[in-house]
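The data block below is upload-v5.tsv; it holds TSV, C-alpha atoms.
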chain	number	residue	atom	x	y	z
A	18	MET	CA	109.45	103.69	296.68
A	19	LEU	CA	110.16	107.02	294.92
A	20	ASN	CA	109.38	109.00	298.07
A	21	ASP	CA	111.88	106.86	300.00
A	22	GLN	CA	114.50	107.57	297.36
A	23	VAL	CA	113.86	111.33	297.61
A	24	THR	CA	114.28	111.12	301.39
A	25	ARG	CA	117.58	109.22	301.05
A	26	THR	CA	119.01	111.67	298.52
A	27	VAL	CA	118.49	114.81	300.62
A	28	SER	CA	121.13	113.70	303.10
A	29	SER	CA	124.36	115.65	302.73
A	30	SER	CA	126.25	112.36	302.95
A	31	TYR	CA	124.37	110.82	300.00
A	32	PRO	CA	127.11	110.20	297.39
A	33	HIS	CA	124.98	109.95	294.22
A	34	ALA	CA	122.71	112.19	292.16
A	35	ARG	CA	119.86	113.79	294.08
A	36	MET	CA	116.18	113.23	293.33
A	37	ALA	CA	113.77	116.16	293.61
A	38	PHE	CA	110.02	116.03	294.27
A	39	ARG	CA	107.08	118.33	293.58
A	40	HIS	CA	103.34	117.81	294.17
A	41	GLN	CA	101.08	119.81	291.89
A	42	GLN	CA	97.30	120.00	291.45
A	43	THR	CA	96.16	121.64	288.24
A	44	THR	CA	93.14	122.08	286.03
A	45	ASP	CA	93.75	121.78	282.30
A	46	ASP	CA	91.53	123.53	279.76
A	47	PHE	CA	91.83	122.52	276.11
A	48	PHE	CA	91.01	124.89	273.26
A	49	SER	CA	90.40	124.24	269.57
A	50	GLN	CA	93.48	123.87	267.44
A	51	ASP	CA	94.23	121.75	264.37
A	52	SER	CA	93.76	117.98	264.54
A	53	ASP	CA	97.44	117.18	265.23
A	54	SER	CA	97.94	119.53	268.16
A	55	LYS	CA	96.39	120.49	271.49
A	56	PHE	CA	96.25	124.00	272.92
A	57	ARG	CA	96.31	123.59	276.71
A	58	VAL	CA	96.14	126.06	279.57
A	59	SER	CA	97.07	124.59	282.97
A	60	ARG	CA	96.09	126.49	286.12
A	61	ASP	CA	96.86	125.84	289.78
A	62	THR	CA	93.62	124.32	291.09
A	63	LYS	CA	93.70	126.29	294.36
A	64	THR	CA	94.80	129.73	293.14
A	65	GLY	CA	93.67	129.74	289.50
A	66	GLN	CA	97.10	131.07	288.52
A	67	VAL	CA	98.36	129.97	285.09
A	68	VAL	CA	101.10	127.35	285.48
A	69	GLU	CA	101.68	126.75	281.79
A	70	CYS	CA	100.14	127.49	278.42
A	71	ILE	CA	101.35	125.30	275.54
A	72	ILE	CA	100.58	123.93	272.14
A	73	LYS	CA	101.44	120.25	272.21
A	74	LYS	CA	101.90	118.55	268.86
A	75	ARG	CA	102.11	114.78	268.65
A	76	LEU	CA	104.75	113.59	266.22
A	77	GLY	CA	104.26	109.85	266.65
A	78	ASP	CA	103.50	106.92	268.93
A	79	LEU	CA	104.83	103.45	269.55
A	80	HIS	CA	102.18	101.27	271.20
A	81	VAL	CA	103.49	98.28	273.13
A	82	ILE	CA	100.95	95.54	273.82
A	83	SER	CA	101.94	93.29	276.72
A	84	PRO	CA	99.50	90.35	276.91
A	85	LYS	CA	101.28	88.79	279.91
A	86	ARG	CA	101.29	92.04	281.89
A	87	GLU	CA	98.52	94.01	283.58
A	88	VAL	CA	99.17	97.12	281.50
A	89	ASP	CA	100.10	98.07	277.98
A	90	TRP	CA	102.20	101.14	277.35
A	91	ARG	CA	103.05	103.73	274.75
A	92	ILE	CA	106.03	105.83	273.80
A	93	SER	CA	104.91	109.19	272.41
A	94	VAL	CA	107.06	111.82	270.81
A	95	ASN	CA	105.66	115.35	271.08
A	96	THR	CA	106.80	118.90	270.74
A	97	GLU	CA	105.63	121.58	273.15
A	98	GLU	CA	105.64	125.28	272.39
A	99	LYS	CA	104.95	127.84	275.10
A	100	VAL	CA	102.31	130.38	274.04
A	101	ASP	CA	100.64	133.42	275.54
A	102	VAL	CA	97.48	132.63	277.50
A	103	ARG	CA	95.86	135.78	276.08
A	104	SER	CA	95.37	133.92	272.80
A	105	THR	CA	92.48	132.04	274.50
A	106	GLU	CA	90.58	135.20	275.52
A	107	GLY	CA	86.96	135.13	274.45
A	108	THR	CA	86.94	131.39	273.71
A	109	ARG	CA	85.56	128.53	275.74
A	110	PRO	CA	87.48	125.29	276.29
A	111	TYR	CA	86.06	122.22	274.60
A	112	TYR	CA	87.38	119.95	277.36
A	113	SER	CA	88.67	120.25	280.95
A	114	ARG	CA	90.31	117.86	283.37
A	115	ARG	CA	91.85	117.94	286.85
A	116	LYS	CA	95.30	116.52	287.55
A	117	ASP	CA	96.88	115.51	290.85
A	118	ARG	CA	100.53	114.98	289.96
A	119	MET	CA	103.60	113.85	291.86
A	120	GLU	CA	106.70	114.78	289.91
A	121	TYR	CA	110.14	113.31	290.51
A	122	MET	CA	113.28	114.68	288.86
A	123	HIS	CA	116.41	112.56	288.61
A	124	GLN	CA	119.35	113.56	286.47
A	125	HIS	CA	118.05	113.94	282.90
A	126	PHE	CA	114.61	112.42	283.44
A	127	ARG	CA	111.31	113.49	284.95
A	128	ILE	CA	108.89	110.88	286.27
A	129	ASP	CA	105.26	111.94	286.67
A	130	LEU	CA	102.65	109.91	288.53
A	131	THR	CA	99.31	111.54	287.80
A	132	GLN	CA	95.71	110.89	288.72
A	133	VAL	CA	93.47	112.49	286.10
A	134	THR	CA	89.77	113.23	286.67
A	135	ASP	CA	87.77	114.10	283.57
A	136	GLN	CA	84.55	116.10	283.20
A	137	ALA	CA	82.45	112.98	283.85
A	138	ASN	CA	84.37	112.43	287.12
A	139	VAL	CA	86.11	109.33	285.73
A	140	GLN	CA	89.59	108.82	287.16
A	141	THR	CA	92.57	107.35	285.33
A	142	ASN	CA	96.20	106.98	286.35
A	143	GLU	CA	99.18	107.92	284.22
A	144	LEU	CA	102.87	107.24	284.46
A	145	GLU	CA	105.10	109.42	282.30
A	146	VAL	CA	108.86	109.35	281.90
A	147	GLU	CA	110.10	112.43	280.09
A	148	PHE	CA	113.36	114.11	279.24
A	149	ALA	CA	113.83	116.78	281.90
A	150	TYR	CA	115.66	119.12	279.53
A	151	PRO	CA	114.10	118.61	276.08
A	152	GLU	CA	115.64	121.80	274.69
A	153	GLU	CA	119.10	120.37	275.44
A	154	VAL	CA	118.19	117.07	273.77
A	155	ARG	CA	116.99	118.99	270.70
A	156	ARG	CA	120.18	121.10	270.64
A	157	ILE	CA	122.37	117.99	270.73
A	158	LEU	CA	120.35	116.28	268.03
A	159	ASP	CA	120.58	119.37	265.82
A	160	LEU	CA	124.37	119.34	266.27
A	161	ARG	CA	124.42	115.68	265.25
A	162	GLY	CA	122.79	116.52	261.89
A	163	LYS	CA	122.09	113.41	259.85
A	164	ASP	CA	122.84	111.17	262.87
A	165	GLY	CA	119.96	112.80	264.78
A	166	PRO	CA	117.27	110.19	264.02
A	167	GLU	CA	119.55	107.33	265.08
A	168	MET	CA	120.39	109.18	268.29
A	169	TRP	CA	116.66	109.64	269.06
A	170	GLY	CA	116.32	105.87	268.87
A	171	ARG	CA	119.20	105.41	271.29
A	172	LEU	CA	117.72	107.96	273.73
A	173	VAL	CA	114.33	106.24	273.72
A	174	ALA	CA	116.02	102.85	274.13
A	175	ARG	CA	117.86	104.25	277.16
A	176	ILE	CA	114.58	105.23	278.82
A	177	VAL	CA	113.09	101.79	278.16
A	178	GLU	CA	116.22	99.94	279.35
A	179	ASP	CA	116.61	102.04	282.51
A	180	ARG	CA	113.06	101.55	283.70
A	181	GLN	CA	112.06	98.23	285.23
A	182	TRP	CA	108.66	97.60	283.71
Represent the structure of the file as structure tokens.
Amino acid sequence: MLNDQVTRTVSSSYPHARMAFRHQQTTDDFFSQDSDSKFRVSRDTKTGQVVECIIKKRLGDLHVISPKREVDWRISVNTEEKVDVRSTEGTRPYYSRRKDRMEYMHQHFRIDLTQVTDQANVQTNELEVEFAYPEEVRRILDLRGKDGPEMWGRLVARIVEDRQW
């Protein structure tokens, strides 16, 4: 379905917003950090080149239990800070995983479909919908001042309303 939409949007006669696609295979190594954050180094699985090195801090979760559906889901709010990979030199990761991700970008959202394989070779599937430009979202919320928390709620509601679960 998403691949078909990407194909339709590349036509020069397509009158609406384009959808972009990227396929990425990475290996994530996690290093010790405090209990609320994860220090992650992601490398291209084929080349070993560092794709990203971040500290991801979870701010909160909203778990949605759907007894009449096949899946439950969660909304997580995190911050991500880019860091220098050299800060992991001389340390061993406590956990590693492989990711095979198909990433779709449409307007202000990024949709990731990811198959994750852990160290025990157990596979899980993830669907993520993220703000494509989080720094812009943060800038707007900072400008809004005291209205920021209410606006966060409206942005999250927009994601939930726009997606057909």
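Distances here use only C-alpha atoms; by that measure, the residue among A:Arg39, A:Arg91, A:Lys73, A:Lys85 closest to Arg57 (chain A) is A:Lys73.
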| said: Excluding Phe56 (chain A) and its own-chain neighbours fewer than 5 positions away, which residues fall within 10 Å of it when counting all atoms listed in the file? Please give them as a PyMOL selection string. | reply: chain A and resi 45-51+70-74+97-100+102+104-105+110
| message | Report as a ChimeraX atom specification all protein, DNA and RNA residues lying within 9 Å of Thr43 (chain A), evaluated on only C-alpha atoms, omitting residues in the same chain fewer than 4 positions from it. | response | /A:59-63,65,68,114-118
| said: With all atoms listed in the file as the counted atoms, please give the residues lying no more than 9 Å from region 127-138 of chain A, apart from itself and same-chain residues fewer than 6 positions off, as a list in words. | reply: Tyr112, Ser113, Arg114, Arg115, Lys116, Asp117, Arg118, Met119, Glu120, Tyr121, Leu144, Glu145, Val146, Glu147, Phe148, Ala149 and Tyr150 of chain A
Once 4 Å is added on each side, what centre and edge lengths in Å to one decimal does the axis-aligned box around all listed atoms of region 127-144 of chain A have, as lines of an AutoDock Vina configuration file?
center_x = 96.9
center_y = 111.5
center_z = 286.0
size_x = 36.9
size_y = 17.1
size_z = 13.5
| query | What separation in Å, quoted to one decimal, exists between CA of Val58 (chain A) and CA of Asp101 (chain A)? | reply | 9.5 Å
Taking all heavy atoms as the atom set, what does region 104-115 of chain A look like once completed, written as a compact mmCIF listing (two decimals), in the coordinates of the input?
# COMPACT_ATOMS: atom_id res chain seq x y z
N SER A 104 95.91 134.39 274.08
CA SER A 104 95.37 133.92 272.80
C SER A 104 94.09 133.10 272.99
O SER A 104 93.43 132.76 272.02
CB SER A 104 96.42 133.12 272.04
OG SER A 104 96.90 132.05 272.81
N THR A 105 93.73 132.78 274.24
CA THR A 105 92.48 132.04 274.50
C THR A 105 91.33 132.96 274.92
O THR A 105 90.22 132.50 275.13
CB THR A 105 92.67 130.99 275.61
OG1 THR A 105 92.98 131.66 276.84
CG2 THR A 105 93.76 130.00 275.24
N GLU A 106 91.61 134.27 275.06
CA GLU A 106 90.58 135.20 275.52
C GLU A 106 89.38 135.17 274.60
O GLU A 106 89.50 135.18 273.38
CB GLU A 106 91.16 136.62 275.62
CG GLU A 106 92.13 136.78 276.77
CD GLU A 106 92.77 138.15 276.82
OE1 GLU A 106 92.51 138.99 275.94
OE2 GLU A 106 93.56 138.37 277.75
N GLY A 107 88.20 135.12 275.21
CA GLY A 107 86.96 135.13 274.45
C GLY A 107 86.54 133.78 273.90
O GLY A 107 85.53 133.68 273.21
N THR A 108 87.32 132.73 274.18
CA THR A 108 86.94 131.39 273.71
C THR A 108 86.69 130.48 274.90
O THR A 108 87.22 130.70 275.99
CB THR A 108 88.04 130.77 272.82
OG1 THR A 108 89.24 130.66 273.58
CG2 THR A 108 88.29 131.61 271.58
N ARG A 109 85.87 129.49 274.68
CA ARG A 109 85.56 128.53 275.74
C ARG A 109 86.30 127.22 275.46
O ARG A 109 86.39 126.80 274.32
CB ARG A 109 84.06 128.27 275.81
CG ARG A 109 83.26 129.49 276.22
CD ARG A 109 81.75 129.21 276.21
NE ARG A 109 81.36 128.07 277.03
CZ ARG A 109 81.08 128.13 278.34
NH1 ARG A 109 81.15 129.27 278.96
NH2 ARG A 109 80.73 127.04 278.99
N PRO A 110 86.81 126.58 276.51
CA PRO A 110 87.48 125.29 276.29
C PRO A 110 86.47 124.23 275.85
O PRO A 110 85.32 124.25 276.26
CB PRO A 110 88.07 124.97 277.67
CG PRO A 110 87.28 125.75 278.65
CD PRO A 110 86.80 126.97 277.93
N TYR A 111 86.93 123.33 275.02
CA TYR A 111 86.06 122.22 274.60
C TYR A 111 86.17 121.04 275.56
O TYR A 111 85.34 120.13 275.54
CB TYR A 111 86.35 121.78 273.16
CG TYR A 111 87.70 121.11 272.95
CD1 TYR A 111 87.84 119.74 273.15
CD2 TYR A 111 88.81 121.84 272.56
CE1 TYR A 111 89.06 119.12 272.97
CE2 TYR A 111 90.03 121.22 272.36
CZ TYR A 111 90.16 119.87 272.58
OH TYR A 111 91.37 119.26 272.40
N TYR A 112 87.19 121.06 276.43
CA TYR A 112 87.38 119.95 277.36
C TYR A 112 88.20 120.45 278.55
O TYR A 112 89.09 121.28 278.39
CB TYR A 112 88.13 118.81 276.65
CG TYR A 112 88.45 117.61 277.52
CD1 TYR A 112 87.44 116.73 277.91
CD2 TYR A 112 89.74 117.38 277.96
CE1 TYR A 112 87.73 115.63 278.70
CE2 TYR A 112 90.04 116.28 278.76
CZ TYR A 112 89.04 115.41 279.12
OH TYR A 112 89.32 114.33 279.91
N SER A 113 87.90 119.93 279.74
CA SER A 113 88.67 120.25 280.95
C SER A 113 88.93 118.98 281.73
O SER A 113 88.15 118.02 281.65
CB SER A 113 87.91 121.24 281.84
OG SER A 113 87.78 122.48 281.22
N ARG A 114 90.00 118.99 282.49
CA ARG A 114 90.31 117.86 283.37
C ARG A 114 91.10 118.38 284.57
O ARG A 114 91.73 119.44 284.51
CB ARG A 114 91.10 116.79 282.63
CG ARG A 114 92.50 117.26 282.26
CD ARG A 114 93.27 116.23 281.50
NE ARG A 114 94.63 116.71 281.25
CZ ARG A 114 95.50 116.10 280.50
NH1 ARG A 114 95.17 114.96 279.92
NH2 ARG A 114 96.70 116.59 280.32
N ARG A 115 91.07 117.62 285.65
CA ARG A 115 91.85 117.94 286.85
C ARG A 115 92.98 116.92 286.96
O ARG A 115 92.78 115.73 286.70
CB ARG A 115 90.98 117.90 288.10
CG ARG A 115 89.94 118.99 288.15
CD ARG A 115 89.15 119.00 289.45
NE ARG A 115 88.74 117.71 289.96
CZ ARG A 115 87.62 117.08 289.62
NH1 ARG A 115 86.80 117.62 288.76
NH2 ARG A 115 87.32 115.92 290.15
